[in-house]
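Enquirer: Just dropping this structure here.
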Amino acid sequence: MGISWRIAKIGRISIQIDGSWVIIFALVTWSLAVSYFPQQYRGWSPFLYWGVGLATSLLFFASVLGHELAHSLVALWQGIEVESITLFIFGGVARITEEVKSPLMEVLLAFAGPLASLTFSALFGFIWVVGRLFMSPPLAALARYLFVINGMVALFNLIPGFPLDGGRILRAGVWWLTGDLRGATRLASSVGQGVAFLLIFVGVWSLFRGDLGNGLWLVFIGWFLHDAARTGYRQLVVRDILREMKVGDLMSRDFQPVESGILLSRLVDEYILRLRDHAYPVVEEEELLGIICLHDVKAVPRERWPTTTVKETMTPRAQLVIVSPRDDCAQAIRALSEHNVRQLPVLEEGRLVGLLRRSDVLNAVRMRQELT
Ligand SMILES: [Zn+2]
C-alpha cells in the first residue's frame with residue numbers, strides 16, 4: 001500500500017492511517033448510510049442516514065484503535081518498545097519491535113486486544129438495551145451496530161491462526177508445552193494458513209451462490225490472513241538466524257583505513273574511484289576518529305575538494321554506533337536500520353578490527369534461509 005499518514009502521537013507511539021484505510025472508511029460509511037440503516041430503520045431523512053453512518057464508522061475505527069492501544073499498553077508494561085499503530089484495510093496493526101519474553105507474557109499481550117473489543121461491545125450493548133427506552137432511535141441504532149461489530153472483531157481475532165491474536169495464544173500454549181518458539185510459530189502459522197484457505201473457500205462458495213458482498217470480503221480477508229501467516233513465520237526465522245550469528249563472523253576485515261589529514265580530492269582519486277568501496281574508517285595513529293563515506297564527500301562542493309581534509313568532512317566517532325565482534329547480528333541490524341547507515345565499525349579493546357556492512361548481513365541471512 002505504501003502511503004500512510006500520521007494523525008496523532010500518544011506518548012511515544014505514533015498513530016498512523018494507511019492509504020487503504022480511507023477507501024475502507026468510505027465504503028463502510030457508504031454501505032451503512034445507503035444499505036444497512038435504511039433496511040433496518042425506515043423513514044429517516046437521507047441526511048440522518050448519512051450522519052448516523054458517518055458517526056458509526058468513526059466510532060468503529062476508534063474501537064479498532066482502542067483494540068490496538070490495549071495491545072500496546074500491555075507491551076509497554078512488559079518493557080517492550082511500541083513504534084507505531086497503523087490503521088489499515090482490515091483493522092489495525094501495532095508495530096512492536098521485539099518478541100515477547102515468555103509464553104505467559106504473550107498470552108497477556110495477545111488477549112488484551114480482544115478483551116478491549118469485548119469491553120466496547122458490552123458497553124455499546126448496555127447503551128443500546130438501556131438507551132432504547134428513552135434515547136432517540138438513531139442513537140440506539142448506532143449503539144446496536146457497535147455492539148455487534150465489536151463482538152465480531154473480538155471473535156475474528158480470537159481465531160487460533162497466527163498472526164491473529166488467537167493464533168498468538170495458541171503459539172504461547174505450544175511454546176509453553178515444548179519450549180520451542182520457532183516450532184510453535186510454525187504450527188500456529190500453519191493453522192493460520194488453514195483458516196485462511198477455509199475463509200477463501202467459503203468466500204468463493206458464497207460468490208457462486210450469488211452473495212457478492214460477503215463472498216468478496218471473505219476471499220479478501222482469507223488472502224490477507226494467508227499472507228500474514230507466512231510473513232510472520234519468516235520474520236521469526238530471520239530473527240533467529242540473526243541472533244545466532246555474531247558480528248565477528250560477518251564483518252569484513254579487508255577494509256582500507258585513511259589518514260585523517262588527506263584531502264578529499266586525494267580520497268576520491270586514490271580510494272573511492274580505485275577501490276570502489278563506499279565507506280572508509282578514518283584513523284590517526286591506529287585510532288579510529290570517524291568514518292567518511294561517499295555521501296559525506298558529495299555534501300562538499302567539488303571546488304572545495306582540493307582544500308578540505310577528510311577530518312573536516314567525516315562523521316566523527318562520537319556520532320557513530322560502534323559494535324563489538326561478540327555482539328549478535330540482530331542488535332547490529334537494528335542499529336544499522338535505526339541510524340540508517342550502511343556499515344558499522346567493529347572495535348575490539350579500542351582497536352578497529354573490521355567493518356560490518358549491511359549488505360553482508362543481508363546476504364548471509366538469505367543464504368541461511370535457503371538452507372533451512
Ligand atoms: Zn489484536
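Scheme for the C-alpha cells: letters A, B, ... for chains in order shown; per-chain residue numbers from 1; ligand numbers from 1 in order shown.
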List every residue of range 321-358 of chain A that has an atom at most 12 Å from any atom of range 281-304 of chain A, giving for each one its closest atom pair and the distance in Å to one decimal, counting only C-alpha atoms, sorted by chain and then by ascending residue number, as CSV.

Expert:
residue,atom,partner,partner_atom,distance
A:Val321,CA,A:Gly290,CA,10.4
A:Ile322,CA,A:Gly290,CA,10.5
A:Val341,CA,A:Cys293,CA,10.1
A:Arg342,CA,A:Cys293,CA,9.6
A:Gln343,CA,A:Ile291,CA,9.5
A:Leu344,CA,A:Ile291,CA,9.1
A:Pro345,CA,A:Pro281,CA,7.5
A:Val346,CA,A:Leu288,CA,10.2
A:Leu347,CA,A:Leu288,CA,9.0
A:Glu348,CA,A:Leu288,CA,11.5
A:Glu349,CA,A:Glu287,CA,11.2
A:Gly350,CA,A:Glu287,CA,7.9
A:Arg351,CA,A:Glu287,CA,6.8
A:Leu352,CA,A:Leu288,CA,6.6
A:Val353,CA,A:Leu288,CA,10.3
A:Gly354,CA,A:Pro281,CA,9.5
A:Leu355,CA,A:Pro281,CA,8.5
A:Leu356,CA,A:Pro281,CA,11.6

Enquirer: Could you list, as a count of residues only, all residues that come within 9 Å of ligand 1? Count only C-alpha atoms and all ligand atoms.

Expert: 23

Enquirer: Mind checking DSSP for range 220-367 of chain A and telling me the strand (DSSP E or B) residues as a PDB file with N, CA and C atoms, in the first residue's frame?

Expert:
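Result file out_21.pdb:
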ATOM      1  N   LYS A 246      27.211 -13.957  14.882  1.00  0.00           N
ATOM      2  CA  LYS A 246      27.935 -12.904  15.595  1.00  0.00           C
ATOM      3  C   LYS A 246      28.526 -11.911  14.594  1.00  0.00           C
ATOM      4  N   SER A 252      33.760  -7.559   7.569  1.00  0.00           N
ATOM      5  CA  SER A 252      34.879  -7.756   6.643  1.00  0.00           C
ATOM      6  C   SER A 252      36.121  -7.140   7.268  1.00  0.00           C
ATOM      7  N   VAL A 258      41.844   5.331   6.095  1.00  0.00           N
ATOM      8  CA  VAL A 258      42.514   6.512   5.528  1.00  0.00           C
ATOM      9  C   VAL A 258      43.020   7.406   6.662  1.00  0.00           C
ATOM     10  N   GLU A 259      44.110   8.111   6.387  1.00  0.00           N
ATOM     11  CA  GLU A 259      44.657   9.040   7.378  1.00  0.00           C
ATOM     12  C   GLU A 259      43.787  10.294   7.412  1.00  0.00           C
ATOM     13  N   LEU A 263      43.460  15.069   1.758  1.00  0.00           N
ATOM     14  CA  LEU A 263      42.440  15.944   1.174  1.00  0.00           C
ATOM     15  C   LEU A 263      41.381  15.117   0.438  1.00  0.00           C
ATOM     16  N   ALA A 279      32.594   3.285   1.968  1.00  0.00           N
ATOM     17  CA  ALA A 279      32.937   3.975   3.217  1.00  0.00           C
ATOM     18  C   ALA A 279      34.332   3.591   3.698  1.00  0.00           C
ATOM     19  N   TYR A 280      35.016   4.541   4.348  1.00  0.00           N
ATOM     20  CA  TYR A 280      36.378   4.304   4.832  1.00  0.00           C
ATOM     21  C   TYR A 280      36.498   4.782   6.274  1.00  0.00           C
ATOM     22  N   PRO A 281      37.051   3.937   7.149  1.00  0.00           N
ATOM     23  CA  PRO A 281      37.313   4.401   8.509  1.00  0.00           C
ATOM     24  C   PRO A 281      38.475   5.400   8.492  1.00  0.00           C
ATOM     25  N   VAL A 282      38.347   6.448   9.291  1.00  0.00           N
ATOM     26  CA  VAL A 282      39.389   7.472   9.344  1.00  0.00           C
ATOM     27  C   VAL A 282      40.212   7.240  10.612  1.00  0.00           C
ATOM     28  N   VAL A 283      41.538   7.136  10.458  1.00  0.00           N
ATOM     29  CA  VAL A 283      42.371   6.819  11.615  1.00  0.00           C
ATOM     30  C   VAL A 283      43.489   7.838  11.789  1.00  0.00           C
ATOM     31  N   GLU A 284      43.980   7.896  13.024  1.00  0.00           N
ATOM     32  CA  GLU A 284      45.166   8.697  13.315  1.00  0.00           C
ATOM     33  C   GLU A 284      45.958   7.859  14.298  1.00  0.00           C
ATOM     34  N   GLU A 287      44.200   4.892  15.702  1.00  0.00           N
ATOM     35  CA  GLU A 287      42.991   5.099  16.497  1.00  0.00           C
ATOM     36  C   GLU A 287      41.865   5.595  15.602  1.00  0.00           C
ATOM     37  N   LEU A 288      40.659   5.041  15.783  1.00  0.00           N
ATOM     38  CA  LEU A 288      39.528   5.404  14.938  1.00  0.00           C
ATOM     39  C   LEU A 288      39.016   6.799  15.310  1.00  0.00           C
ATOM     40  N   LEU A 289      38.960   7.691  14.315  1.00  0.00           N
ATOM     41  CA  LEU A 289      38.444   9.050  14.569  1.00  0.00           C
ATOM     42  C   LEU A 289      37.029   9.236  14.049  1.00  0.00           C
ATOM     43  N   GLY A 290      36.690   8.443  13.028  1.00  0.00           N
ATOM     44  CA  GLY A 290      35.361   8.591  12.424  1.00  0.00           C
ATOM     45  C   GLY A 290      35.253   7.757  11.179  1.00  0.00           C
ATOM     46  N   ILE A 291      34.197   8.003  10.406  1.00  0.00           N
ATOM     47  CA  ILE A 291      34.027   7.292   9.135  1.00  0.00           C
ATOM     48  C   ILE A 291      33.720   8.323   8.064  1.00  0.00           C
ATOM     49  N   ILE A 292      34.303   8.132   6.887  1.00  0.00           N
ATOM     50  CA  ILE A 292      33.932   9.007   5.780  1.00  0.00           C
ATOM     51  C   ILE A 292      33.329   8.149   4.677  1.00  0.00           C
ATOM     52  N   CYS A 293      32.197   8.583   4.149  1.00  0.00           N
ATOM     53  CA  CYS A 293      31.597   7.823   3.064  1.00  0.00           C
ATOM     54  C   CYS A 293      31.293   8.753   1.888  1.00  0.00           C
ATOM     55  N   THR A 309      40.013  18.688   4.225  1.00  0.00           N
ATOM     56  CA  THR A 309      40.558  17.398   4.672  1.00  0.00           C
ATOM     57  C   THR A 309      39.435  16.427   5.023  1.00  0.00           C
ATOM     58  N   THR A 315      32.118  11.745   9.519  1.00  0.00           N
ATOM     59  CA  THR A 315      31.219  11.645  10.657  1.00  0.00           C
ATOM     60  C   THR A 315      32.082  11.264  11.861  1.00  0.00           C
ATOM     61  N   PRO A 316      32.168  12.137  12.870  1.00  0.00           N
ATOM     62  CA  PRO A 316      33.093  11.864  13.977  1.00  0.00           C
ATOM     63  C   PRO A 316      32.666  10.662  14.819  1.00  0.00           C
ATOM     64  N   VAL A 323      30.100  -1.414  17.256  1.00  0.00           N
ATOM     65  CA  VAL A 323      29.759  -2.743  17.747  1.00  0.00           C
ATOM     66  C   VAL A 323      31.026  -3.527  18.044  1.00  0.00           C
ATOM     67  N   ASP A 328      25.526  -9.894  18.811  1.00  0.00           N
ATOM     68  CA  ASP A 328      24.835 -10.685  17.799  1.00  0.00           C
ATOM     69  C   ASP A 328      24.293  -9.769  16.700  1.00  0.00           C
ATOM     70  N   GLN A 343      27.075   0.786   7.154  1.00  0.00           N
ATOM     71  CA  GLN A 343      28.117  -0.014   7.786  1.00  0.00           C
ATOM     72  C   GLN A 343      28.361   0.474   9.214  1.00  0.00           C
ATOM     73  N   LEU A 344      28.880  -0.441  10.011  1.00  0.00           N
ATOM     74  CA  LEU A 344      29.230  -0.101  11.396  1.00  0.00           C
ATOM     75  C   LEU A 344      30.690  -0.480  11.621  1.00  0.00           C
ATOM     76  N   PRO A 345      31.469   0.382  12.296  1.00  0.00           N
ATOM     77  CA  PRO A 345      32.832  -0.014  12.649  1.00  0.00           C
ATOM     78  C   PRO A 345      32.803  -1.029  13.795  1.00  0.00           C
ATOM     79  N   VAL A 346      33.672  -2.018  13.711  1.00  0.00           N
ATOM     80  CA  VAL A 346      33.737  -3.044  14.759  1.00  0.00           C
ATOM     81  C   VAL A 346      35.025  -2.833  15.553  1.00  0.00           C
ATOM     82  N   LEU A 347      34.900  -2.636  16.846  1.00  0.00           N
ATOM     83  CA  LEU A 347      36.059  -2.374  17.692  1.00  0.00           C
ATOM     84  C   LEU A 347      36.237  -3.478  18.722  1.00  0.00           C
ATOM     85  N   GLU A 348      37.514  -3.873  18.914  1.00  0.00           N
ATOM     86  CA  GLU A 348      37.816  -4.825  19.973  1.00  0.00           C
ATOM     87  C   GLU A 348      38.926  -4.226  20.819  1.00  0.00           C
ATOM     88  N   ARG A 351      40.477  -1.166  19.495  1.00  0.00           N
ATOM     89  CA  ARG A 351      41.157  -1.241  18.207  1.00  0.00           C
ATOM     90  C   ARG A 351      40.151  -1.584  17.119  1.00  0.00           C
ATOM     91  N   LEU A 352      40.288  -0.922  15.962  1.00  0.00           N
ATOM     92  CA  LEU A 352      39.393  -1.190  14.849  1.00  0.00           C
ATOM     93  C   LEU A 352      39.766  -2.527  14.222  1.00  0.00           C
ATOM     94  N   VAL A 353      38.838  -3.482  14.233  1.00  0.00           N
ATOM     95  CA  VAL A 353      39.168  -4.809  13.671  1.00  0.00           C
ATOM     96  C   VAL A 353      38.363  -5.148  12.419  1.00  0.00           C
ATOM     97  N   GLY A 354      37.318  -4.385  12.133  1.00  0.00           N
ATOM     98  CA  GLY A 354      36.545  -4.712  10.935  1.00  0.00           C
ATOM     99  C   GLY A 354      35.427  -3.721  10.683  1.00  0.00           C
ATOM    100  N   LEU A 355      34.728  -3.944   9.567  1.00  0.00           N
ATOM    101  CA  LEU A 355      33.542  -3.156   9.228  1.00  0.00           C
ATOM    102  C   LEU A 355      32.407  -4.140   9.000  1.00  0.00           C
ATOM    103  N   LEU A 356      31.259  -3.857   9.602  1.00  0.00           N
ATOM    104  CA  LEU A 356      30.109  -4.714   9.348  1.00  0.00           C
ATOM    105  C   LEU A 356      29.221  -3.996   8.344  1.00  0.00           C
ATOM    106  N   ARG A 357      29.077  -4.595   7.150  1.00  0.00           N
ATOM    107  CA  ARG A 357      28.270  -3.950   6.113  1.00  0.00           C
ATOM    108  C   ARG A 357      26.879  -4.549   6.100  1.00  0.00           C
TER     109      ARG A 357
END

Enquirer: For His226 in chain A, please output as a list of chain:residue names all residues within 7 Å (counting only C-alpha atoms; exclusion window: fewer than 5 positions along the same chain).

Expert: A:Gly192, A:Gln193, A:Ala196

Enquirer: Would you list, as JSON, numbers by chain, the residues of range 116-316 of chain A that end up in alpha helix (DSSP H) under DSSP run on this structure's backbone?

Expert: {"A": [116, 117, 118, 119, 120, 121, 122, 123, 124, 125, 126, 127, 128, 129, 130, 131, 137, 138, 139, 140, 141, 142, 143, 144, 145, 146, 147, 148, 149, 150, 151, 152, 153, 154, 155, 156, 157, 165, 166, 167, 168, 169, 170, 171, 172, 173, 174, 175, 176, 177, 178, 181, 182, 183, 184, 185, 186, 187, 188, 189, 190, 191, 192, 193, 194, 195, 196, 197, 198, 199, 200, 201, 202, 203, 204, 205, 206, 207, 208, 212, 213, 214, 215, 216, 217, 218, 219, 220, 221, 222, 223, 224, 225, 226, 227, 228, 229, 230, 231, 232, 233, 234, 235, 236, 237, 238, 239, 240, 241, 242, 243, 244, 247, 248, 249, 250, 264, 265, 266, 273, 274, 275, 294, 295, 296, 297, 298, 310, 311, 312, 313]}

Enquirer: Taking only C-alpha atoms into account, name the residue in A:Thr86, A:Val268, A:Ile80, A:Val34 that is nearest to Gly19 in chain A.

Expert: A:Thr86
